[in-house]
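Visitor: What follows is the file start_32.pdb, containing PDB, C-alpha atoms:
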```
ATOM      1  CA  MET J   1       4.132  18.038 -19.532  1.00  0.00           C
ATOM      2  CA  SER J   2       6.823  20.416 -18.229  1.00  0.00           C
ATOM      3  CA  TRP J   3      10.129  19.474 -16.631  1.00  0.00           C
ATOM      4  CA  GLY J   4       8.672  20.576 -13.293  1.00  0.00           C
ATOM      5  CA  ASP J   5       5.776  18.146 -13.721  1.00  0.00           C
ATOM      6  CA  ALA J   6       8.178  15.331 -14.564  1.00  0.00           C
ATOM      7  CA  VAL J   7      10.304  16.032 -11.475  1.00  0.00           C
ATOM      8  CA  LEU J   8       7.188  16.186  -9.297  1.00  0.00           C
ATOM      9  CA  LEU J   9       5.961  12.832 -10.653  1.00  0.00           C
ATOM     10  CA  ILE J  10       9.332  11.164 -10.119  1.00  0.00           C
ATOM     11  CA  ALA J  11       9.566  12.570  -6.564  1.00  0.00           C
ATOM     12  CA  GLY J  12       5.987  11.562  -5.699  1.00  0.00           C
ATOM     13  CA  GLY J  13       6.642   8.166  -7.262  1.00  0.00           C
ATOM     14  CA  PHE J  14       9.802   7.753  -5.202  1.00  0.00           C
ATOM     15  CA  ALA J  15       7.941   8.506  -1.950  1.00  0.00           C
ATOM     16  CA  ALA J  16       5.128   6.115  -2.887  1.00  0.00           C
ATOM     17  CA  GLY J  17       7.648   3.417  -3.833  1.00  0.00           C
ATOM     18  CA  PHE J  18       9.519   3.867  -0.569  1.00  0.00           C
ATOM     19  CA  LEU J  19       6.270   3.345   1.376  1.00  0.00           C
ATOM     20  CA  ALA J  20       5.504   0.295  -0.755  1.00  0.00           C
ATOM     21  CA  GLY J  21       8.912  -1.186   0.054  1.00  0.00           C
ATOM     22  CA  THR J  22       8.885  -0.462   3.778  1.00  0.00           C
ATOM     23  CA  ILE J  23       5.255  -0.288   4.926  1.00  0.00           C
ATOM     24  CA  GLY J  24       3.784  -2.623   2.293  1.00  0.00           C
ATOM     25  CA  ILE J  25       1.005  -0.425   0.921  1.00  0.00           C
ATOM     26  CA  GLY J  26       0.547  -0.270  -2.839  1.00  0.00           C
ATOM     27  CA  GLY J  27       1.352   3.405  -3.080  1.00  0.00           C
ATOM     28  CA  GLY J  28      -1.991   4.529  -4.477  1.00  0.00           C
ATOM     29  CA  SER J  29      -2.584   6.835  -1.530  1.00  0.00           C
ATOM     30  CA  LEU J  30       0.451   8.862  -2.668  1.00  0.00           C
ATOM     31  CA  PHE J  31       0.282   8.265  -6.445  1.00  0.00           C
ATOM     32  CA  VAL J  32      -3.244   9.682  -6.671  1.00  0.00           C
ATOM     33  CA  PRO J  33      -2.712  13.004  -4.811  1.00  0.00           C
ATOM     34  CA  THR J  34       0.597  13.525  -6.662  1.00  0.00           C
ATOM     35  CA  MET J  35      -1.432  13.532  -9.888  1.00  0.00           C
ATOM     36  CA  THR J  36      -4.628  15.276  -8.722  1.00  0.00           C
ATOM     37  CA  ILE J  37      -3.143  17.961  -6.456  1.00  0.00           C
ATOM     38  CA  GLY J  38       0.246  18.205  -8.180  1.00  0.00           C
ATOM     39  CA  LEU J  39      -0.791  18.151 -11.838  1.00  0.00           C
ATOM     40  CA  GLY J  40      -4.551  18.733 -11.732  1.00  0.00           C
ATOM     41  CA  VAL J  41      -5.302  15.326 -13.281  1.00  0.00           C
ATOM     42  CA  SER J  42      -8.927  14.168 -12.871  1.00  0.00           C
ATOM     43  CA  GLN J  43      -9.672  11.670 -10.101  1.00  0.00           C
ATOM     44  CA  ALA J  44     -10.730   8.961 -12.581  1.00  0.00           C
ATOM     45  CA  VAL J  45      -7.547   9.188 -14.669  1.00  0.00           C
ATOM     46  CA  ALA J  46      -5.417   9.420 -11.514  1.00  0.00           C
ATOM     47  CA  GLN J  47      -6.926   6.204 -10.136  1.00  0.00           C
ATOM     48  CA  GLY J  48      -6.473   4.278 -13.385  1.00  0.00           C
ATOM     49  CA  THR J  49      -2.911   5.534 -13.808  1.00  0.00           C
ATOM     50  CA  SER J  50      -2.153   4.724 -10.157  1.00  0.00           C
ATOM     51  CA  LEU J  51      -3.241   1.125 -10.719  1.00  0.00           C
ATOM     52  CA  VAL J  52      -0.796   0.853 -13.639  1.00  0.00           C
ATOM     53  CA  ALA J  53       2.043   2.353 -11.564  1.00  0.00           C
ATOM     54  CA  ILE J  54       1.389  -0.008  -8.643  1.00  0.00           C
ATOM     55  CA  VAL J  55       2.253  -3.110 -10.726  1.00  0.00           C
ATOM     56  CA  PRO J  56       5.994  -2.470 -11.353  1.00  0.00           C
ATOM     57  CA  THR J  57       6.302  -0.908  -7.877  1.00  0.00           C
ATOM     58  CA  ALA J  58       4.887  -4.027  -6.206  1.00  0.00           C
ATOM     59  CA  LEU J  59       6.974  -6.238  -8.518  1.00  0.00           C
ATOM     60  CA  VAL J  60      10.287  -4.595  -7.552  1.00  0.00           C
ATOM     61  CA  SER J  61       9.273  -4.598  -3.856  1.00  0.00           C
ATOM     62  CA  SER J  62       8.273  -8.262  -3.984  1.00  0.00           C
ATOM     63  CA  VAL J  63      11.426  -9.493  -5.749  1.00  0.00           C
ATOM     64  CA  THR J  64      13.598  -7.543  -3.299  1.00  0.00           C
ATOM     65  CA  HIS J  65      11.632  -8.851  -0.304  1.00  0.00           C
ATOM     66  CA  PHE J  66      11.997 -12.443  -1.509  1.00  0.00           C
ATOM     67  CA  ARG J  67      15.745 -11.942  -1.840  1.00  0.00           C
ATOM     68  CA  GLU J  68      15.894 -10.395   1.647  1.00  0.00           C
ATOM     69  CA  HIS J  69      13.858 -13.296   3.113  1.00  0.00           C
ATOM     70  CA  ASN J  70      11.141 -10.963   4.366  1.00  0.00           C
ATOM     71  CA  VAL J  71       8.259 -13.002   2.923  1.00  0.00           C
ATOM     72  CA  LEU J  72       6.208 -15.737   4.585  1.00  0.00           C
ATOM     73  CA  ARG J  73       5.013 -17.617   1.494  1.00  0.00           C
ATOM     74  CA  GLY J  74       1.844 -19.092   3.044  1.00  0.00           C
ATOM     75  CA  PRO J  75       0.134 -15.865   4.163  1.00  0.00           C
ATOM     76  CA  ALA J  76       1.299 -13.977   1.048  1.00  0.00           C
ATOM     77  CA  LEU J  77      -0.151 -16.671  -1.210  1.00  0.00           C
ATOM     78  CA  TRP J  78      -3.497 -16.861   0.607  1.00  0.00           C
ATOM     79  CA  MET J  79      -3.915 -13.087   0.787  1.00  0.00           C
ATOM     80  CA  GLY J  80      -2.950 -12.660  -2.859  1.00  0.00           C
ATOM     81  CA  GLY J  81      -5.380 -15.392  -3.942  1.00  0.00           C
ATOM     82  CA  GLY J  82      -8.164 -14.048  -1.745  1.00  0.00           C
ATOM     83  CA  GLY J  83      -7.478 -10.521  -2.966  1.00  0.00           C
ATOM     84  CA  VAL J  84      -7.749 -11.554  -6.630  1.00  0.00           C
ATOM     85  CA  VAL J  85     -11.148 -13.175  -5.944  1.00  0.00           C
ATOM     86  CA  GLY J  86     -12.185 -10.045  -4.038  1.00  0.00           C
ATOM     87  CA  ALA J  87     -11.062  -7.753  -6.869  1.00  0.00           C
ATOM     88  CA  VAL J  88     -13.056  -9.705  -9.474  1.00  0.00           C
ATOM     89  CA  LEU J  89     -16.161  -9.915  -7.246  1.00  0.00           C
ATOM     90  CA  GLY J  90     -15.834  -6.227  -6.363  1.00  0.00           C
ATOM     91  CA  ALA J  91     -15.679  -5.283 -10.045  1.00  0.00           C
ATOM     92  CA  LEU J  92     -18.736  -7.425 -10.833  1.00  0.00           C
ATOM     93  CA  ILE J  93     -20.847  -6.124  -7.965  1.00  0.00           C
ATOM     94  CA  ALA J  94     -19.961  -2.461  -7.501  1.00  0.00           C
ATOM     95  CA  VAL J  95     -19.044  -0.411 -10.525  1.00  0.00           C
ATOM     96  CA  GLU J  96     -19.819   2.924  -8.916  1.00  0.00           C
ATOM     97  CA  VAL J  97     -17.089   4.848  -7.113  1.00  0.00           C
ATOM     98  CA  PRO J  98     -17.727   4.796  -3.345  1.00  0.00           C
ATOM     99  CA  GLY J  99     -19.477   7.921  -2.124  1.00  0.00           C
ATOM    100  CA  PRO J 100     -18.356  10.258   0.653  1.00  0.00           C
ATOM    101  CA  ILE J 101     -20.203   8.291   3.324  1.00  0.00           C
ATOM    102  CA  LEU J 102     -18.338   5.107   2.436  1.00  0.00           C
ATOM    103  CA  ALA J 103     -15.055   7.067   2.420  1.00  0.00           C
ATOM    104  CA  ARG J 104     -15.814   8.301   5.951  1.00  0.00           C
ATOM    105  CA  VAL J 105     -16.583   4.773   7.172  1.00  0.00           C
ATOM    106  CA  TRP J 106     -13.297   3.654   5.600  1.00  0.00           C
ATOM    107  CA  GLY J 107     -11.478   6.554   7.312  1.00  0.00           C
ATOM    108  CA  GLY J 108     -13.004   5.590  10.651  1.00  0.00           C
ATOM    109  CA  PHE J 109     -11.925   1.982  10.157  1.00  0.00           C
ATOM    110  CA  LEU J 110      -8.355   3.095   9.378  1.00  0.00           C
ATOM    111  CA  LEU J 111      -8.192   5.281  12.491  1.00  0.00           C
ATOM    112  CA  PHE J 112      -9.527   2.460  14.675  1.00  0.00           C
ATOM    113  CA  THR J 113      -6.942   0.074  13.204  1.00  0.00           C
ATOM    114  CA  ALA J 114      -4.164   2.632  13.727  1.00  0.00           C
ATOM    115  CA  TYR J 115      -5.252   2.961  17.355  1.00  0.00           C
ATOM    116  CA  ARG J 116      -5.217  -0.814  17.882  1.00  0.00           C
ATOM    117  CA  LEU J 117      -1.750  -1.104  16.324  1.00  0.00           C
ATOM    118  CA  ALA J 118      -0.453   1.818  18.404  1.00  0.00           C
ATOM    119  CA  VAL J 119      -1.708   0.222  21.629  1.00  0.00           C
ATOM    120  CA  GLN J 120       0.045  -3.013  20.706  1.00  0.00           C
ATOM    121  CA  ALA J 121       3.293  -1.265  19.721  1.00  0.00           C
ATOM    122  CA  LEU J 122       3.450   0.826  22.888  1.00  0.00           C
ATOM    123  CA  ARG J 123       2.590  -2.009  25.260  1.00  0.00           C
ATOM    124  CA  PRO J 124       5.847  -3.040  26.958  1.00  0.00           C
ATOM    125  CA  ALA J 125       7.275  -6.471  26.105  1.00  0.00           C
ATOM    126  CA  SER J 126       4.164  -7.746  24.381  1.00  0.00           C
ATOM    127  CA  THR J 127       5.839  -9.955  21.803  1.00  0.00           C
ATOM    128  CA  GLY J 128       6.252 -13.625  22.526  1.00  0.00           C
ATOM    129  CA  GLY J 129      10.012 -13.659  22.799  1.00  0.00           C
ATOM    130  CA  GLY J 130       9.932 -15.529  26.088  1.00  0.00           C
ATOM    131  CA  GLN J 131      10.185 -13.881  29.449  1.00  0.00           C
ATOM    132  CA  ARG J 132      13.573 -13.318  30.943  1.00  0.00           C
ATOM    133  CA  PRO J 133      13.855 -15.012  34.347  1.00  0.00           C
ATOM    134  CA  SER J 134      14.478 -12.531  37.119  1.00  0.00           C
TER     135      SER J 134
ATOM    136  CA  MET N   1      -7.292   0.812  -3.751  1.00  0.00           C
ATOM    137  CA  GLY N   2      -6.442   0.255  -0.118  1.00  0.00           C
ATOM    138  CA  GLY N   3      -5.438  -3.411  -0.184  1.00  0.00           C
ATOM    139  CA  GLY N   4      -2.436  -2.919   2.073  1.00  0.00           C
ATOM    140  CA  PHE N   5      -4.434  -1.026   4.663  1.00  0.00           C
ATOM    141  CA  VAL N   6      -6.496  -4.151   5.278  1.00  0.00           C
ATOM    142  CA  LEU N   7      -3.825  -6.811   4.739  1.00  0.00           C
ATOM    143  CA  ILE N   8      -1.262  -5.354   7.163  1.00  0.00           C
ATOM    144  CA  PRO N   9      -3.493  -4.953  10.277  1.00  0.00           C
ATOM    145  CA  LEU N  10      -5.183  -8.275   9.478  1.00  0.00           C
ATOM    146  CA  GLN N  11      -1.895 -10.126   9.822  1.00  0.00           C
ATOM    147  CA  VAL N  12      -0.524  -8.181  12.792  1.00  0.00           C
ATOM    148  CA  LEU N  13      -3.666  -7.905  14.927  1.00  0.00           C
ATOM    149  CA  TRP N  14      -5.368 -11.207  14.182  1.00  0.00           C
ATOM    150  CA  ALA N  15      -2.547 -13.543  13.203  1.00  0.00           C
ATOM    151  CA  SER N  16       0.302 -12.036  15.288  1.00  0.00           C
ATOM    152  CA  VAL N  17       2.597 -11.894  12.271  1.00  0.00           C
ATOM    153  CA  PRO N  18       5.667  -9.730  13.037  1.00  0.00           C
ATOM    154  CA  GLN N  19       5.413  -6.305  11.392  1.00  0.00           C
ATOM    155  CA  ARG N  20       8.365  -6.852   9.052  1.00  0.00           C
ATOM    156  CA  PHE N  21       6.833  -9.974   7.490  1.00  0.00           C
ATOM    157  CA  ALA N  22       3.331  -8.486   7.486  1.00  0.00           C
ATOM    158  CA  ASN N  23       4.494  -5.494   5.434  1.00  0.00           C
ATOM    159  CA  ALA N  24       6.463  -7.610   2.958  1.00  0.00           C
ATOM    160  CA  ASN N  25       3.630 -10.173   2.616  1.00  0.00           C
ATOM    161  CA  SER N  26       1.207  -7.334   1.978  1.00  0.00           C
ATOM    162  CA  ILE N  27       3.051  -5.883  -1.015  1.00  0.00           C
ATOM    163  CA  VAL N  28       3.658  -9.384  -2.412  1.00  0.00           C
ATOM    164  CA  ALA N  29      -0.118 -10.035  -2.194  1.00  0.00           C
ATOM    165  CA  ILE N  30      -0.916  -6.649  -3.776  1.00  0.00           C
ATOM    166  CA  LEU N  31       0.947  -7.616  -6.976  1.00  0.00           C
ATOM    167  CA  PRO N  32      -1.546 -10.290  -8.172  1.00  0.00           C
ATOM    168  CA  ILE N  33      -4.461  -8.167  -6.920  1.00  0.00           C
ATOM    169  CA  ALA N  34      -3.319  -5.170  -8.999  1.00  0.00           C
ATOM    170  CA  LEU N  35      -2.622  -7.436 -11.987  1.00  0.00           C
ATOM    171  CA  ALA N  36      -6.176  -8.837 -11.748  1.00  0.00           C
ATOM    172  CA  ALA N  37      -7.762  -5.425 -11.248  1.00  0.00           C
ATOM    173  CA  LEU N  38      -5.932  -3.791 -14.164  1.00  0.00           C
ATOM    174  CA  PRO N  39      -7.650  -5.561 -17.120  1.00  0.00           C
ATOM    175  CA  ILE N  40     -11.004  -5.298 -15.329  1.00  0.00           C
ATOM    176  CA  TYR N  41     -10.468  -1.567 -14.991  1.00  0.00           C
ATOM    177  CA  TYR N  42      -9.070  -1.174 -18.508  1.00  0.00           C
ATOM    178  CA  PHE N  43     -11.759  -3.090 -20.396  1.00  0.00           C
ATOM    179  CA  ARG N  44     -14.694  -1.854 -18.359  1.00  0.00           C
ATOM    180  CA  LYS N  45     -17.324  -0.051 -20.363  1.00  0.00           C
ATOM    181  CA  GLY N  46     -16.315   3.477 -21.254  1.00  0.00           C
ATOM    182  CA  SER N  47     -12.935   4.643 -22.435  1.00  0.00           C
ATOM    183  CA  PRO N  48      -9.925   3.549 -20.413  1.00  0.00           C
ATOM    184  CA  GLN N  49      -8.805   6.366 -18.152  1.00  0.00           C
ATOM    185  CA  ILE N  50      -5.100   5.801 -17.921  1.00  0.00           C
ATOM    186  CA  ASP N  51      -2.301   8.256 -18.759  1.00  0.00           C
ATOM    187  CA  PHE N  52       0.685   6.060 -19.613  1.00  0.00           C
ATOM    188  CA  ARG N  53       3.093   8.999 -19.887  1.00  0.00           C
ATOM    189  CA  ILE N  54       2.327  10.062 -16.322  1.00  0.00           C
ATOM    190  CA  ALA N  55       2.569   6.427 -15.196  1.00  0.00           C
ATOM    191  CA  LEU N  56       6.045   6.172 -16.748  1.00  0.00           C
ATOM    192  CA  PHE N  57       7.406   9.098 -14.713  1.00  0.00           C
ATOM    193  CA  LEU N  58       5.756   7.859 -11.500  1.00  0.00           C
ATOM    194  CA  VAL N  59       7.279   4.412 -12.033  1.00  0.00           C
ATOM    195  CA  LEU N  60      10.733   5.908 -12.703  1.00  0.00           C
ATOM    196  CA  GLY N  61      10.662   7.207  -9.130  1.00  0.00           C
ATOM    197  CA  SER N  62       8.684   4.431  -7.499  1.00  0.00           C
ATOM    198  CA  VAL N  63      10.819   1.446  -8.520  1.00  0.00           C
ATOM    199  CA  ILE N  64      13.902   3.148  -7.067  1.00  0.00           C
ATOM    200  CA  GLY N  65      11.981   4.012  -3.874  1.00  0.00           C
ATOM    201  CA  ALA N  66      10.585   0.485  -3.687  1.00  0.00           C
ATOM    202  CA  TYR N  67      14.026  -1.101  -4.018  1.00  0.00           C
ATOM    203  CA  ILE N  68      15.592   1.144  -1.363  1.00  0.00           C
ATOM    204  CA  GLY N  69      12.601   0.692   0.963  1.00  0.00           C
ATOM    205  CA  ALA N  70      12.592  -3.083   0.621  1.00  0.00           C
ATOM    206  CA  ARG N  71      16.346  -3.267   1.247  1.00  0.00           C
ATOM    207  CA  LEU N  72      15.980  -1.088   4.363  1.00  0.00           C
ATOM    208  CA  LEU N  73      13.068  -3.041   5.890  1.00  0.00           C
ATOM    209  CA  LYS N  74      15.231  -5.537   7.812  1.00  0.00           C
ATOM    210  CA  ARG N  75      17.151  -2.754   9.525  1.00  0.00           C
ATOM    211  CA  ILE N  76      14.113  -0.933  10.920  1.00  0.00           C
ATOM    212  CA  PRO N  77      13.292  -2.109  14.482  1.00  0.00           C
ATOM    213  CA  GLU N  78       9.897  -3.833  14.917  1.00  0.00           C
ATOM    214  CA  ARG N  79       8.479  -1.169  17.214  1.00  0.00           C
ATOM    215  CA  GLU N  80       9.506   1.783  15.014  1.00  0.00           C
ATOM    216  CA  LEU N  81       8.178  -0.016  11.956  1.00  0.00           C
ATOM    217  CA  ARG N  82       4.819  -0.552  13.635  1.00  0.00           C
ATOM    218  CA  LEU N  83       4.650   3.098  14.705  1.00  0.00           C
ATOM    219  CA  ALA N  84       5.403   4.130  11.102  1.00  0.00           C
ATOM    220  CA  VAL N  85       2.438   2.000   9.971  1.00  0.00           C
ATOM    221  CA  VAL N  86       0.306   3.682  12.672  1.00  0.00           C
ATOM    222  CA  VAL N  87       1.295   7.153  11.389  1.00  0.00           C
ATOM    223  CA  VAL N  88       0.517   6.304   7.739  1.00  0.00           C
ATOM    224  CA  LEU N  89      -2.798   4.623   8.644  1.00  0.00           C
ATOM    225  CA  GLY N  90      -3.719   7.556  10.899  1.00  0.00           C
ATOM    226  CA  LEU N  91      -2.908  10.189   8.263  1.00  0.00           C
ATOM    227  CA  VAL N  92      -4.886   8.435   5.530  1.00  0.00           C
ATOM    228  CA  GLY N  93      -7.721   7.741   8.009  1.00  0.00           C
ATOM    229  CA  PHE N  94      -8.000  11.429   8.959  1.00  0.00           C
ATOM    230  CA  LYS N  95      -7.847  12.439   5.300  1.00  0.00           C
ATOM    231  CA  GLU N  96     -10.701  10.092   4.364  1.00  0.00           C
ATOM    232  CA  LEU N  97     -12.743  11.131   7.386  1.00  0.00           C
ATOM    233  CA  LEU N  98     -12.349  14.895   6.914  1.00  0.00           C
ATOM    234  CA  PHE N  99     -12.025  15.167   3.104  1.00  0.00           C
ATOM    235  CA  PRO N 100     -13.844  12.124   1.702  1.00  0.00           C
TER     236      PRO N 100
END
```
Would you mind writing the structure in this file as structure tokens?
Guide:
Amino acid sequence: MSWGDAVLLIAGGFAAGFLAGTIGIGGGSLFVPTMTIGLGVSQAVAQGTSLVAIVPTALVSSVTHFREHNVLRGPALWMGGGGVVGAVLGALIAVEVPGPILARVWGGFLLFTAYRLAVQALRPASTGGGQRPS
Amino acid sequence: MGGGFVLIPLQVLWASVPQRFANANSIVAILPIALAALPIYYFRKGSPQIDFRIALFLVLGSVIGAYIGARLLKRIPERELRLAVVVVLGLVGFKELLFP
């Protein structure tokens, strides 16, 4: 591994970590292309390595969020518990990597969700903060 | 992969959780999920496909990014934060749709 590779990995890691801290995604969507496109690592190794890198990234994010009082314990606990069950079931049922069709369905779902969130964000005064009397 | 992309919209669209809490809850929930998935992935049949040296350099950058990001979260207005989520979801969605 050259110095250039190391710098690229640290920079890609930083960007992924920043997204993990602010947006709340694990960072895999940046870890993986940093390795595959940046260093020519195979997809399988990139995915396994990404999973390892997500753990300390999520740990630092979580501890910081708890300190900053950004966490609602109830939902976090239920989603984490449900996710663990889902991960184990997923590993037992499907061992094969999802094919291109599944990836496209996933992409379509993400775009639909992005659209729904955008509509909600751009709708004026949609949050329940109470209406100001005129 | 992709836990956050489900957990964040789930909370915001269906449970009306404010974006700031939804994002923080999501990464907190990802931690046990990744911890559970890791041994499953590692001990699955076939040789483990993990490069720990690469992981080390990624983590060197990511923990710093994660700390800064998590400290900044409170200061980002709700609307801008939600639009940032929209942009990230949209980009990854297009990528998966066009280059699966």
Visitor: Hey, what's within 6 Å of stretch 23-38 of chain J if we count only C-alpha atoms and toss same-chain stuff fewer than 5 positions away? As a list in words, please?
Guide: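 Answer for this query is Gly12, Ala16, Ala46, Ser50 and Ile54 of chain J; Gly4, Asn23, Ala24, Ser26 and Ile27 of chain N.
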Visitor: When you look at stretch 53-67 of chain N with a cut-off of 6 Å (counting all atoms listed in the file), what residues show up, excluding the ones that are within fewer than 3 positions of it in the same chain? I need them as a PyMOL selection string.
Guide: (chain J and resi 9-10+13-14+17-18+20-21+49+53+57+61) or (chain N and resi 70)
Visitor: Which value, in Å to one decimal, gives the distance between atom CA of N:Ile8 and atom CA of J:Ala44?
Guide: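 According to the coordinates, atom CA of N:Ile8 and atom CA of J:Ala44 are separated by 26.2 Å.
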Visitor: Which residue is closest to chain N? Choose from J:Gln47, J:Ser62, J:Ser42, J:Ser2 and count only C-alpha atoms.
Guide: J:Ser62
Visitor: Kindly resolve the PyMOL selection byres ((chain N and resi 29-37) around 9) on the present coordinates and return the residues as a VMD selection string.
Guide: (chain J and resid 24 to 26 51 to 52 54 to 59 62 75 to 88 91) or (chain N and resid 1 3 to 4 7 24 to 28 38 to 42)
Visitor: Please, what distance in Å, to one decimal, runs between atom CA of N:Leu73 and atom CA of N:Phe21?
Guide: 9.5 Å
Visitor: Could you please determine the separation between atom CA of J:Leu117 and atom CA of N:Leu91 in Å, to one decimal place?
Guide: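 Taking atom CA of J:Leu117 and atom CA of N:Leu91, their separation equals 13.9 Å.
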Visitor: Considering all atoms listed in the file, can you say which of J:Gln43, J:Arg67, J:Trp3, J:Ala118 comes closest to chain N?
Guide: J:Ala118
Visitor: Give as an MDAnalysis selection string every residue, naming chains and numbers as the document does, that has an atom within 6 Å of (-8.3, 7.1, -16.6), counting all atoms listed in the file.
Guide: (chainID J and resid 44:45 48) or (chainID N and resid 48:50)
